[in-house]
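Here is the structure we will look at, set down as structure tokens.
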Amino acid sequence: MTKTQIYKFGGASVKDALAIQNLAEILRNRLRNNFVIVVSAMGKTTNQLETLLSLKLNGQEYSENSAILKEFHLEICRALFPDEHVIFPKIENYFILLHHELNKPISKHNYDEYYDRIIGFGELLSSRIVMEFLCSQGMLILWQDARELISTDSDFRFAKIDWVRTRRNCQSQLKPKLEQFPVLTQGFIGADSTGRPTTLGREGSDFTAAILAASLDAGSVTIWKDVPGVLNADPKIFKDTTLFQELDYEQAAQMTFYGASVIHPKTIKPLANAGIPLFVKSFLNPNESGTKIHSLAKTESIPTFILKKDQILVSLKVTDFTFIEEKHIHLVYEQLQGLKLRVNMLQTSAITISIVIDSQLFKLEQLLEHLKGDFEVRYNEGLELLTVLHPDHDTIPALLDGFEVLIEQNTRNTIQIVRRVK
Ligand SMILES: Nc1ncnc2c1ncn2[C@@H]1O[C@H](COP(=O)(O)OP(=O)(O)O)[C@@H](O)[C@H]1O
Ligand SMILES: N[C@@H](CC(=O)OP(=O)(O)O)C(=O)O
């Protein structure tokens with residue numbers, strides 16, 4: 001039997017009717033049995049659902065935003081389907097369910113669980129629309145609710161995978177279907193052991209594709225993007241980028257760790273462990289080879305630039321005339337872990353620990369609250385963290401033109417700079 005192939009289509013590849021028609025063309029000659037299609041929410045739908053949530057949290061009116069989101073999906077459907085198509089009542093139905101959920105009470109304390117009940121509607125809507133469109137184009141495909149496959153713990157918004165149960169679900173529920181038909185499902189969403197919806201972290205649909213691949217012993221995963229493949233920098237930010245034809249799993253994992261957003265950071269590990277190749281290809285030029293990420297004996301080291309925006313630099317100074325010791329670092333990490341915050345950069349001096357973290361709703365105030373008893377705390381928001389892997393030192397000054405550098409860290413293979421626009 002041929003091995004399963006997995007295609008993942010992200011928000012940009014399903015952002016409007018033309019994009020969905022293009023997706024269908026990509027699939028037309030490639031589709032076969034043992035084929036899983038994973039889709040994300042359309043365009044910026046997840047951000048819009050986050051806006052709905054914050055309006056609800058602040059007790060503000062959200063009905064207009066919800067109406068705009070519904071109209072966005074209906075307009076795409078009007079361009080793809082005849083008026084009487086079943087998709088229209090289905091969309092109505094999803095919005096009734098969404099409002100039913102939004103009518104429930106929300107607070108800071110149940111926010112994460114509430115978030116996961118709401119945010120997955122983007123994927124549910126897009127997967128229905130794409131599935132119906134593919135069927136209307138003569139491609140018979142089964143729709144699968146990913147929450148029946150992706151089993152997680154109850155760590156809402158950042159749920160961790162229960163690999164044993166997920167594998168069991170995939171083998172017992174998905175595999176028999178795949179022997180007959182291609183299956184389309186949602187990225188990003190799962191459910192805990194009691195069936196409550198969970199999500200895998202923003203941009204987690206790439207990770208879903210990798211989880212399904214590992215659980216099905218798949219032959220390959222292809223993620224379709226609006227770029228030619230993995231480049232040595234984000235082409236939306238940097239000029240003159242170079243395409244990697246191939247990358248070793250480790251190189252790719254390192255790039256994603258520092259924030260190369262083209263692939264979700266958790267995607268590489270399950271694929272590397274199972275030796276499943278990952279292809280990153282352009283949905284705009286689907287016949288181009290893109291980037292193949294697999295096990296390589298020899299790797300190329302060209303300068304690679306990664307920029308993370310919305311960073312916060314927190315400086316923690318000891319107040320009792322001691323010097324920084326392991327116990328201080330331990331304390332800081334313990335608080336960060338409790339708040340599910342990752343350190344993007346750490347620097348210590350005699351009396352100060354400096355950490356760089358992503359800006360996240362509520363998190364900074366909670367962190368400051370927890371640490372103010374042990375440290376004198378200062379922070380700077382609105383910063384950028386620039387990481388250069390395999391730096392060519394001549395190019396660095398140009399990257400700092402017009403910026404103020406707050407901290408900098410150099411190793412032989414990596415430079416990290418926290419900068420702010422002057
Ligand atoms: N090193 C890189 N190579 C290619 N694209 C990159 C890189 N770093 C960041 N990107 C950005 O990743 C984007 C594609 O990822 P993403 O927006 O998450 O896709 P989708 O949501 O459609 O799956 C590109 O449009 C590009 O701006
Ligand atoms: N829709 C979710 C999950 C996701 O992975 O999306 P995308 O594939 O468009 O990055 C998000 O925006 O976070």
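Every chain in the structure tokens has a letter given in the order shown (A, B, ...), and although residue numbers restart at 1 in each chain, ligands are simply numbered from 1 in the order shown.
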
### Task
Write out as a PyMOL selection string which residues come within 8 Å of range 297-307 of chain A when counting only C-alpha atoms, dropping same-chain ones fewer than 2 positions away.
chain A and resi 232-234+247-248+255+258-260+295+309+384-392

How would the residues just chosen look if you wrote them out with C-alpha atoms as a tab-separated table (two decimals), in the first residue's frame?
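As written to disk, part_32.tsv reads:
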chain	number	residue	atom	x	y	z
A	232	ASN	CA	17.42	32.84	4.23
A	233	ALA	CA	15.15	35.67	5.44
A	234	ASP	CA	11.51	36.72	5.34
A	247	LEU	CA	17.70	21.94	4.63
A	248	ASP	CA	18.68	19.49	7.31
A	255	MET	CA	15.55	28.66	12.23
A	258	TYR	CA	14.62	31.76	16.58
A	259	GLY	CA	11.32	32.79	14.98
A	260	ALA	CA	11.36	32.05	11.22
A	295	SER	CA	18.33	14.35	6.87
A	309	LYS	CA	8.57	41.82	16.41
A	384	GLU	CA	12.47	43.80	17.78
A	385	LEU	CA	14.76	40.83	18.22
A	386	LEU	CA	17.04	40.28	15.24
A	387	THR	CA	18.86	36.95	15.03
A	388	VAL	CA	21.54	36.33	12.42
A	389	LEU	CA	22.69	32.74	11.97
A	390	HIS	CA	26.10	32.18	10.32
A	391	PRO	CA	26.67	35.95	10.21
A	392	ASP	CA	28.74	37.71	7.65

### Task
Could you find all residues in range 75-219 of chain A that DSSP calls strand (DSSP E or B) from the backbone, and write them as a count of residues only?
15

### Message
Just checking: using only C-alpha atoms, which residue out of A:Thr319, A:Leu339, A:Gln311, A:Leu31 ends up closest to Asp112 in chain A?
### Response
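Answer, going by the shortest atom-to-atom distance: A:Leu339.
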
### Query
Can you list, as a ChimeraX atom specification, every protein, DNA or RNA residue that comes within 10 Å of range 125-133 of chain A when you count only C-alpha atoms, leaving out same-chain residues fewer than 6 positions away?
/A:11,14-15,17,20-21,23-24,37-43,45,70,73-74,76-77,80-81,85-88,90-91,94-95,139-145,183-187

Could the residues in this selection be written to a file with N, CA and C atoms, as a CSV table (one decimal), in the first residue's frame?
chain,number,residue,atom,x,y,z
A,11,GLY,N,-3.6,29.9,5.9
A,11,GLY,CA,-4.5,31.0,5.7
A,11,GLY,C,-4.4,31.7,4.4
A,14,VAL,N,-6.0,30.0,1.3
A,14,VAL,CA,-7.5,29.9,1.3
A,14,VAL,C,-8.1,31.2,1.6
A,15,LYS,N,-7.4,32.3,1.2
A,15,LYS,CA,-7.8,33.6,1.7
A,15,LYS,C,-9.0,34.2,1.0
A,17,ALA,N,-11.8,33.5,-2.8
A,17,ALA,CA,-12.4,32.5,-3.8
A,17,ALA,C,-11.3,32.0,-4.8
A,20,ILE,N,-8.9,29.6,-3.3
A,20,ILE,CA,-9.5,28.2,-3.2
A,20,ILE,C,-9.6,27.5,-4.5
A,21,GLN,N,-9.9,28.3,-5.6
A,21,GLN,CA,-9.9,27.7,-6.9
A,21,GLN,C,-8.5,27.2,-7.3
A,23,LEU,N,-6.2,26.3,-5.1
A,23,LEU,CA,-6.0,25.1,-4.3
A,23,LEU,C,-6.5,23.8,-5.0
A,24,ALA,N,-7.7,24.0,-5.6
A,24,ALA,CA,-8.4,22.9,-6.3
A,24,ALA,C,-7.5,22.4,-7.5
A,37,ILE,N,-5.6,16.3,3.6
A,37,ILE,CA,-5.5,17.7,3.4
A,37,ILE,C,-5.8,18.4,4.7
A,38,VAL,N,-4.9,19.3,5.2
A,38,VAL,CA,-5.1,20.0,6.4
A,38,VAL,C,-5.3,21.5,6.0
A,39,VAL,N,-6.4,22.1,6.5
A,39,VAL,CA,-6.5,23.5,6.2
A,39,VAL,C,-6.6,24.4,7.4
A,40,SER,N,-6.1,25.6,7.3
A,40,SER,CA,-6.3,26.6,8.4
A,40,SER,C,-7.4,27.5,8.1
A,41,ALA,N,-7.7,28.4,9.0
A,41,ALA,CA,-8.7,29.4,8.8
A,41,ALA,C,-8.4,30.4,7.6
A,42,MET,N,-9.4,30.9,7.0
A,42,MET,CA,-9.2,31.7,5.8
A,42,MET,C,-8.6,33.1,6.1
A,43,GLY,N,-7.5,33.4,5.4
A,43,GLY,CA,-6.9,34.7,5.6
A,43,GLY,C,-6.6,35.1,7.0
A,45,THR,N,-8.8,35.3,9.5
A,45,THR,CA,-9.9,35.0,10.3
A,45,THR,C,-9.6,34.8,11.8
A,70,LYS,N,-18.8,37.0,9.1
A,70,LYS,CA,-19.8,36.2,8.4
A,70,LYS,C,-19.9,36.6,6.9
A,73,HIS,N,-17.0,35.3,4.8
A,73,HIS,CA,-17.1,33.9,4.4
A,73,HIS,C,-18.2,33.7,3.3
A,74,LEU,N,-19.4,34.4,3.5
A,74,LEU,CA,-20.5,34.3,2.6
A,74,LEU,C,-20.1,34.8,1.2
A,76,ILE,N,-17.1,34.7,-0.2
A,76,ILE,CA,-16.3,33.7,-0.8
A,76,ILE,C,-17.2,32.6,-1.4
A,77,CYS,N,-18.2,32.2,-0.6
A,77,CYS,CA,-19.1,31.2,-1.0
A,77,CYS,C,-19.9,31.6,-2.2
A,80,LEU,N,-18.1,30.9,-5.2
A,80,LEU,CA,-17.7,29.5,-5.5
A,80,LEU,C,-18.9,28.6,-5.8
A,81,PHE,N,-20.1,29.0,-5.3
A,81,PHE,CA,-21.2,28.0,-5.3
A,81,PHE,C,-22.5,28.7,-5.8
A,85,HIS,N,-26.9,26.3,-2.8
A,85,HIS,CA,-26.0,25.3,-2.3
A,85,HIS,C,-26.1,25.1,-0.8
A,86,VAL,N,-25.9,23.9,-0.3
A,86,VAL,CA,-26.0,23.6,1.1
A,86,VAL,C,-25.0,24.3,2.0
A,87,ILE,N,-23.9,24.8,1.4
A,87,ILE,CA,-22.9,25.5,2.2
A,87,ILE,C,-23.5,26.8,2.9
A,88,PHE,N,-24.5,27.4,2.3
A,88,PHE,CA,-25.0,28.7,2.9
A,88,PHE,C,-25.7,28.4,4.2
A,90,LYS,N,-25.1,26.0,6.1
A,90,LYS,CA,-24.0,25.5,7.0
A,90,LYS,C,-23.3,26.6,7.6
A,91,ILE,N,-23.0,27.7,6.8
A,91,ILE,CA,-22.3,28.8,7.4
A,91,ILE,C,-23.2,29.5,8.4
A,94,TYR,N,-22.9,27.6,11.6
A,94,TYR,CA,-21.7,27.9,12.4
A,94,TYR,C,-21.8,29.2,13.1
A,95,PHE,N,-22.3,30.2,12.5
A,95,PHE,CA,-22.4,31.5,13.2
A,95,PHE,C,-23.4,31.5,14.4
A,139,MET,N,-14.0,16.1,-7.0
A,139,MET,CA,-13.0,15.4,-6.2
A,139,MET,C,-13.8,15.0,-4.9
A,140,LEU,N,-14.0,13.7,-4.8
A,140,LEU,CA,-14.8,13.2,-3.7
A,140,LEU,C,-13.8,13.1,-2.5
A,141,ILE,N,-14.2,13.8,-1.4
A,141,ILE,CA,-13.3,14.0,-0.3
A,141,ILE,C,-14.2,13.8,1.0
A,142,LEU,N,-13.7,13.2,2.0
A,142,LEU,CA,-14.4,13.1,3.3
A,142,LEU,C,-13.9,14.2,4.2
A,143,TRP,N,-14.9,14.8,5.0
A,143,TRP,CA,-14.6,15.8,6.0
A,143,TRP,C,-14.4,15.1,7.3
A,144,GLN,N,-13.3,15.5,8.0
A,144,GLN,CA,-13.1,14.9,9.3
A,144,GLN,C,-12.9,16.0,10.3
A,145,ASP,N,-13.5,15.8,11.5
A,145,ASP,CA,-13.3,16.7,12.6
A,145,ASP,C,-12.0,16.4,13.3
A,183,VAL,N,-9.0,12.5,2.7
A,183,VAL,CA,-9.7,13.1,3.9
A,183,VAL,C,-9.2,14.6,4.1
A,184,LEU,N,-10.2,15.5,4.3
A,184,LEU,CA,-9.8,16.9,4.6
A,184,LEU,C,-10.1,17.2,6.1
A,185,THR,N,-9.2,17.8,6.8
A,185,THR,CA,-9.4,18.1,8.2
A,185,THR,C,-8.9,19.5,8.5
A,186,GLN,N,-9.0,19.9,9.8
A,186,GLN,CA,-8.6,21.2,10.2
A,186,GLN,C,-7.2,21.1,10.9
A,187,GLY,N,-6.4,22.2,10.7
A,187,GLY,CA,-5.2,22.3,11.5
A,187,GLY,C,-5.6,23.0,12.8

### Message
Among range 155-245 of chain A, which residues does DSSP mark as helix (DSSP H, G or I) when it is run on the backbone? Keep the chain and numbering as in the structure and answer as a PyMOL selection string.
### Response
chain A and resi 163-178+205-216

For the residues in the current selection, export N, CA and C atoms as an mmCIF file, in the first residue's frame.
data_model
loop_
_atom_site.group_PDB
_atom_site.id
_atom_site.type_symbol
_atom_site.label_atom_id
_atom_site.label_comp_id
_atom_site.auth_asym_id
_atom_site.auth_seq_id
_atom_site.Cartn_x
_atom_site.Cartn_y
_atom_site.Cartn_z
ATOM 1 N N TRP A 163 0.333 11.682 22.463
ATOM 2 C CA TRP A 163 0.763 11.000 21.228
ATOM 3 C C TRP A 163 0.160 9.601 21.108
ATOM 4 N N VAL A 164 0.005 8.922 22.249
ATOM 5 C CA VAL A 164 -0.490 7.540 22.195
ATOM 6 C C VAL A 164 -1.940 7.529 21.719
ATOM 7 N N ARG A 165 -2.745 8.400 22.329
ATOM 8 C CA ARG A 165 -4.163 8.435 21.943
ATOM 9 C C ARG A 165 -4.347 8.968 20.528
ATOM 10 N N THR A 166 -3.537 9.951 20.174
ATOM 11 C CA THR A 166 -3.662 10.514 18.820
ATOM 12 C C THR A 166 -3.329 9.451 17.775
ATOM 13 N N ARG A 167 -2.270 8.691 18.039
ATOM 14 C CA ARG A 167 -1.893 7.635 17.089
ATOM 15 C C ARG A 167 -3.019 6.596 16.981
ATOM 16 N N ARG A 168 -3.561 6.258 18.166
ATOM 17 C CA ARG A 168 -4.644 5.261 18.161
ATOM 18 C C ARG A 168 -5.835 5.779 17.345
ATOM 19 N N ASN A 169 -6.198 7.049 17.563
ATOM 20 C CA ASN A 169 -7.310 7.639 16.803
ATOM 21 C C ASN A 169 -7.039 7.603 15.292
ATOM 22 N N CYS A 170 -5.809 7.979 14.948
ATOM 23 C CA CYS A 170 -5.466 8.043 13.514
ATOM 24 C C CYS A 170 -5.507 6.657 12.885
ATOM 25 N N GLN A 171 -4.958 5.692 13.612
ATOM 26 C CA GLN A 171 -4.906 4.334 13.052
ATOM 27 C C GLN A 171 -6.307 3.721 12.970
ATOM 28 N N SER A 172 -7.138 3.975 14.016
ATOM 29 C CA SER A 172 -8.436 3.286 14.029
ATOM 30 C C SER A 172 -9.510 4.045 13.248
ATOM 31 N N GLN A 173 -9.461 5.386 13.261
ATOM 32 C CA GLN A 173 -10.541 6.134 12.603
ATOM 33 C C GLN A 173 -10.170 6.661 11.226
ATOM 34 N N LEU A 174 -8.932 7.155 11.129
ATOM 35 C CA LEU A 174 -8.557 7.835 9.880
ATOM 36 C C LEU A 174 -8.083 6.856 8.813
ATOM 37 N N LYS A 175 -7.252 5.908 9.225
ATOM 38 C CA LYS A 175 -6.646 5.001 8.242
ATOM 39 C C LYS A 175 -7.679 4.252 7.394
ATOM 40 N N PRO A 176 -8.728 3.671 7.998
ATOM 41 C CA PRO A 176 -9.706 2.957 7.161
ATOM 42 C C PRO A 176 -10.375 3.874 6.127
ATOM 43 N N LYS A 177 -10.618 5.144 6.521
ATOM 44 C CA LYS A 177 -11.231 6.085 5.567
ATOM 45 C C LYS A 177 -10.266 6.365 4.415
ATOM 46 N N LEU A 178 -8.973 6.529 4.787
ATOM 47 C CA LEU A 178 -7.974 6.905 3.786
ATOM 48 C C LEU A 178 -7.761 5.824 2.731
ATOM 49 N N SER A 205 -1.192 24.954 12.625
ATOM 50 C CA SER A 205 -1.666 23.983 11.621
ATOM 51 C C SER A 205 -0.526 23.196 10.964
ATOM 52 N N ASP A 206 0.640 23.819 10.829
ATOM 53 C CA ASP A 206 1.792 23.065 10.299
ATOM 54 C C ASP A 206 2.078 21.890 11.228
ATOM 55 N N PHE A 207 1.973 22.175 12.523
ATOM 56 C CA PHE A 207 2.232 21.132 13.525
ATOM 57 C C PHE A 207 1.200 20.007 13.391
ATOM 58 N N THR A 208 -0.076 20.368 13.165
ATOM 59 C CA THR A 208 -1.113 19.334 12.963
ATOM 60 C C THR A 208 -0.694 18.390 11.834
ATOM 61 N N ALA A 209 -0.213 18.972 10.728
ATOM 62 C CA ALA A 209 0.186 18.136 9.582
ATOM 63 C C ALA A 209 1.283 17.155 10.010
ATOM 64 N N ALA A 210 2.222 17.644 10.826
ATOM 65 C CA ALA A 210 3.320 16.779 11.281
ATOM 66 C C ALA A 210 2.814 15.705 12.253
ATOM 67 N N ILE A 211 1.864 16.069 13.111
ATOM 68 C CA ILE A 211 1.313 15.096 14.075
ATOM 69 C C ILE A 211 0.604 13.969 13.307
ATOM 70 N N LEU A 212 -0.196 14.360 12.336
ATOM 71 C CA LEU A 212 -0.924 13.346 11.558
ATOM 72 C C LEU A 212 0.066 12.472 10.796
ATOM 73 N N ALA A 213 1.108 13.106 10.252
ATOM 74 C CA ALA A 213 2.112 12.342 9.490
ATOM 75 C C ALA A 213 2.772 11.295 10.374
ATOM 76 N N ALA A 214 3.195 11.730 11.573
ATOM 77 C CA ALA A 214 3.877 10.784 12.469
ATOM 78 C C ALA A 214 2.914 9.677 12.907
ATOM 79 N N SER A 215 1.664 10.036 13.135
ATOM 80 C CA SER A 215 0.694 9.057 13.640
ATOM 81 C C SER A 215 0.210 8.097 12.553
ATOM 82 N N LEU A 216 0.439 8.468 11.301
ATOM 83 C CA LEU A 216 0.001 7.603 10.191
ATOM 84 C C LEU A 216 1.193 6.961 9.480
#

### Query
Excluding same-chain residues fewer than 3 positions from Phe158 in chain A, what lies within 6 Å of it counting only C-alpha atoms, as a ChimeraX atom specification?
/A:155,200-201

Could you save those same residues with C-alpha atoms as a tab-separated table (two decimals), in the first residue's frame?
chain	number	residue	atom	x	y	z
A	155	ASP	CA	-3.54	23.16	28.70
A	200	LEU	CA	-2.04	23.95	19.71
A	201	GLY	CA	-0.78	27.55	19.75

### Message
Report, in Å to a single decimal, how far apart CA of Ile68 in chain A and CA of Gln48 in chain A are.
### Response
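Pair CA of Gln48 in chain A / CA of Ile68 in chain A returns 9.5 Å.
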
### Query
When the cut-off is 6 Å and you count only C-alpha atoms and all ligand atoms, which residues lie near ligand 1, shown as a list of chain:residue names?
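The neighbouring residues of ligand 1 are, in order, A:Gly10, A:Gly11, A:Ala12, A:Ser13, A:Lys225, A:Asp226, A:Val227, A:Gly229, A:Val230, A:Leu231, A:Asn232, A:Ala233, A:Asp234, A:Pro235, A:Lys236, A:Ala260, A:Ser261, A:Val262.
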
Generate the output file for the selected residues, N, CA and C atoms, as a PDB file, in the first residue's frame.
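Contents of the output file again.pdb:
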ATOM      1  N   GLY A  10      -2.344  26.769   4.398  1.00  0.00           N
ATOM      2  CA  GLY A  10      -2.517  27.769   5.455  1.00  0.00           C
ATOM      3  C   GLY A  10      -3.447  28.890   5.032  1.00  0.00           C
ATOM      4  N   GLY A  11      -3.590  29.876   5.926  1.00  0.00           N
ATOM      5  CA  GLY A  11      -4.526  30.981   5.731  1.00  0.00           C
ATOM      6  C   GLY A  11      -4.383  31.692   4.390  1.00  0.00           C
ATOM      7  N   ALA A  12      -3.144  31.913   3.949  1.00  0.00           N
ATOM      8  CA  ALA A  12      -2.940  32.655   2.705  1.00  0.00           C
ATOM      9  C   ALA A  12      -3.424  31.857   1.494  1.00  0.00           C
ATOM     10  N   SER A  13      -3.346  30.538   1.564  1.00  0.00           N
ATOM     11  CA  SER A  13      -3.723  29.713   0.401  1.00  0.00           C
ATOM     12  C   SER A  13      -5.235  29.497   0.313  1.00  0.00           C
ATOM     13  N   LYS A 225       2.804  27.450   0.714  1.00  0.00           N
ATOM     14  CA  LYS A 225       2.955  28.825   1.226  1.00  0.00           C
ATOM     15  C   LYS A 225       2.952  29.828   0.080  1.00  0.00           C
ATOM     16  N   ASP A 226       2.942  31.110   0.442  1.00  0.00           N
ATOM     17  CA  ASP A 226       2.974  32.171  -0.574  1.00  0.00           C
ATOM     18  C   ASP A 226       4.400  32.602  -0.904  1.00  0.00           C
ATOM     19  N   VAL A 227       5.374  31.778  -0.527  1.00  0.00           N
ATOM     20  CA  VAL A 227       6.795  32.036  -0.821  1.00  0.00           C
ATOM     21  C   VAL A 227       7.345  30.806  -1.557  1.00  0.00           C
ATOM     22  N   GLY A 229       9.619  28.826  -0.915  1.00  0.00           N
ATOM     23  CA  GLY A 229      10.088  27.758  -0.017  1.00  0.00           C
ATOM     24  C   GLY A 229      10.678  28.439   1.201  1.00  0.00           C
ATOM     25  N   VAL A 230      11.627  27.774   1.865  1.00  0.00           N
ATOM     26  CA  VAL A 230      12.300  28.433   2.993  1.00  0.00           C
ATOM     27  C   VAL A 230      13.449  29.262   2.422  1.00  0.00           C
ATOM     28  N   LEU A 231      13.451  30.532   2.764  1.00  0.00           N
ATOM     29  CA  LEU A 231      14.480  31.463   2.279  1.00  0.00           C
ATOM     30  C   LEU A 231      15.402  31.814   3.438  1.00  0.00           C
ATOM     31  N   ASN A 232      16.497  32.491   3.127  1.00  0.00           N
ATOM     32  CA  ASN A 232      17.419  32.837   4.227  1.00  0.00           C
ATOM     33  C   ASN A 232      16.952  34.066   5.013  1.00  0.00           C
ATOM     34  N   ALA A 233      15.774  34.585   4.672  1.00  0.00           N
ATOM     35  CA  ALA A 233      15.147  35.675   5.439  1.00  0.00           C
ATOM     36  C   ALA A 233      13.725  35.829   4.940  1.00  0.00           C
ATOM     37  N   ASP A 234      12.902  36.470   5.735  1.00  0.00           N
ATOM     38  CA  ASP A 234      11.514  36.724   5.338  1.00  0.00           C
ATOM     39  C   ASP A 234      11.518  37.760   4.205  1.00  0.00           C
ATOM     40  N   PRO A 235      11.030  37.388   3.016  1.00  0.00           N
ATOM     41  CA  PRO A 235      11.088  38.337   1.890  1.00  0.00           C
ATOM     42  C   PRO A 235      10.184  39.549   2.084  1.00  0.00           C
ATOM     43  N   LYS A 236       9.256  39.478   3.060  1.00  0.00           N
ATOM     44  CA  LYS A 236       8.414  40.660   3.312  1.00  0.00           C
ATOM     45  C   LYS A 236       9.205  41.717   4.074  1.00  0.00           C
ATOM     46  N   ALA A 260      11.696  32.037  12.661  1.00  0.00           N
ATOM     47  CA  ALA A 260      11.360  32.053  11.222  1.00  0.00           C
ATOM     48  C   ALA A 260       9.944  31.500  11.083  1.00  0.00           C
ATOM     49  N   SER A 261       8.985  32.401  10.845  1.00  0.00           N
ATOM     50  CA  SER A 261       7.569  32.023  10.995  1.00  0.00           C
ATOM     51  C   SER A 261       7.039  31.203   9.828  1.00  0.00           C
ATOM     52  N   VAL A 262       7.885  30.909   8.849  1.00  0.00           N
ATOM     53  CA  VAL A 262       7.397  30.132   7.697  1.00  0.00           C
ATOM     54  C   VAL A 262       6.977  28.717   8.094  1.00  0.00           C
TER      55      VAL A 262
END

### Task
Tell me which of A:Pro105, A:Pro89, A:Gly122, A:Pro277 sits closest to Ile223 in chain A, counting only C-alpha atoms.
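Closest residue, counting only C-alpha atoms: A:Pro277.
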
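Residues in contact with Phe35 in chain A at up to 10 Å, not including ones fewer than 5 positions away on its chain and judged by only C-alpha atoms, are Thr2, Lys3, Thr4, Gln5, Ile6, Tyr7, Arg30, Ile141, Leu178, Glu179, Gln180, Phe181, Pro182, Val183, Leu184 and Ala218 of chain A.
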
### Query
Which residue gives the smallest distance to Glu246 in chain A among A:Ile293, A:Leu53, A:Leu331, A:Leu406, with only C-alpha atoms counted?
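Under the stated criterion, the closest residue is A:Ile293.
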
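Here CA of Thr256 in chain A and CA of Asn344 in chain A stand 11.8 Å from one another.
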
### Task
Name all residues at most 10 Å from Lys108 in chain A (count only C-alpha atoms; drop same-chain ones fewer than 5 positions away) and give them as a PyMOL selection string.
chain A and resi 57+114+362
